[in-house]
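Please read the structure below before turning to the comments.
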Amino acid sequence: MTDLGLIFHISFFMLKYINCDIVFQEFPDEVTLAFNLSNCPCRCPGCHSTFLWKDAGKPLTTAAIGEALKHYGADLTCIGIMGGDAEPAAVNELAIHLRKTYPHLKIGWYTGRTSIAREIEKEHFNYIKVGPYIRHLGGLDSRQTNQRMYRIDSEGRMTDITSRFWEQPLAK
């Protein structure tokens with residue numbers, strides 16, 4: 001392995017995950033394998049995932065991703081990276097790896113920051129959720145939320161699709 005390859009290898013594996021699961025609501029119209037990353041520096045008051053604040057869990061390796069994908073089957077349409085704000089460069093490298101290795105899957109990322117880190121190359125993602133959880137404003141399903149969900153095109157252009165999470169009034 002070259003020195004450059006070793007550097008990539010180490011930076012990619014700094015991410016740790018607590019668990020992964022199939023989710024249906026985090027990214028519109030997707031069946032997502034979501035990896036919950038630990039060591040969240042945001043520590044939003046009212047956070048429903050405070051267990052992700054600790055630097056804990058297992059290294060997120062290519063083998064762990066491959067095993068989870070094998071286990072959950074071919075019905076998946078998306079891989080979700082939930083967190084990673086302590087290591088945005090590693091999140092970007094992970095997205096590059098996922099795009100190359102699993103080109104049939106979409107890639108989504110949840111960041112609790114108010115803006116997208118400069119290390120993130122948006123064209124490697126299909127979705128990015130931006131914004132900390134603020135209890136009185138609610139999550140993505142609240143019309144008052146400060147959080148935003150963006151669909152990203154292949155050029156890195158962002159379209160706000162937050163309203164997809166809001167309950168629509170019934171037609172009369």
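Numbering starts fresh at 1 for the residues of each chain in the structure tokens, the chains themselves are lettered A, B, ... in the order given, and ligands are numbered from 1 as they appear.
Using only C-alpha atoms, the residues found no farther than 7 Å from Lys16 of chain A, other than those of its own chain fewer than 6 positions away, are A:Leu37, A:Ser38, A:Ala56, A:Gly57, A:Lys58, A:Pro59, A:Leu60.
Neighbours of segment 64-67 of chain A closer than or equal to 10 Å, with only C-alpha atoms counted and sequence neighbours fewer than 4 positions away skipped, come out as Tyr17, Cys20, Leu33, Phe35, Lys58, Pro59, Leu60, His71, Tyr72, Ile79, Leu98, Thr101 and Tyr102 of chain A.
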Name the closest residue to Glu167 of chain A among the candidates A:His104, A:Arg143, A:Arg118, A:Lys70; distances are taken between atoms, counting only C-alpha atoms.
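Between A:His104, A:Arg143, A:Arg118, A:Lys70, the residue approaching Glu167 of chain A most closely is A:Arg143.
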Just the residues within 10 Å of Ser163 of chain A, please, counting only C-alpha atoms, with nothing from its chain fewer than 3 positions along; format it as an NGL selection string.
:A and (140-143 or 148-149 or 160 or 166-168)
So which residues touch Ile152 of chain A within 6 Å, counting only C-alpha atoms, skipping near sequence neighbours fewer than 5 positions away, as a PyMOL selection string?
chain A and resi 126-127+157-158
Selected residue of minimal separation from Arg135 of chain A among A:Glu121, A:Gly83, A:Gln147, A:Leu69, counting only C-alpha atoms
A:Gln147
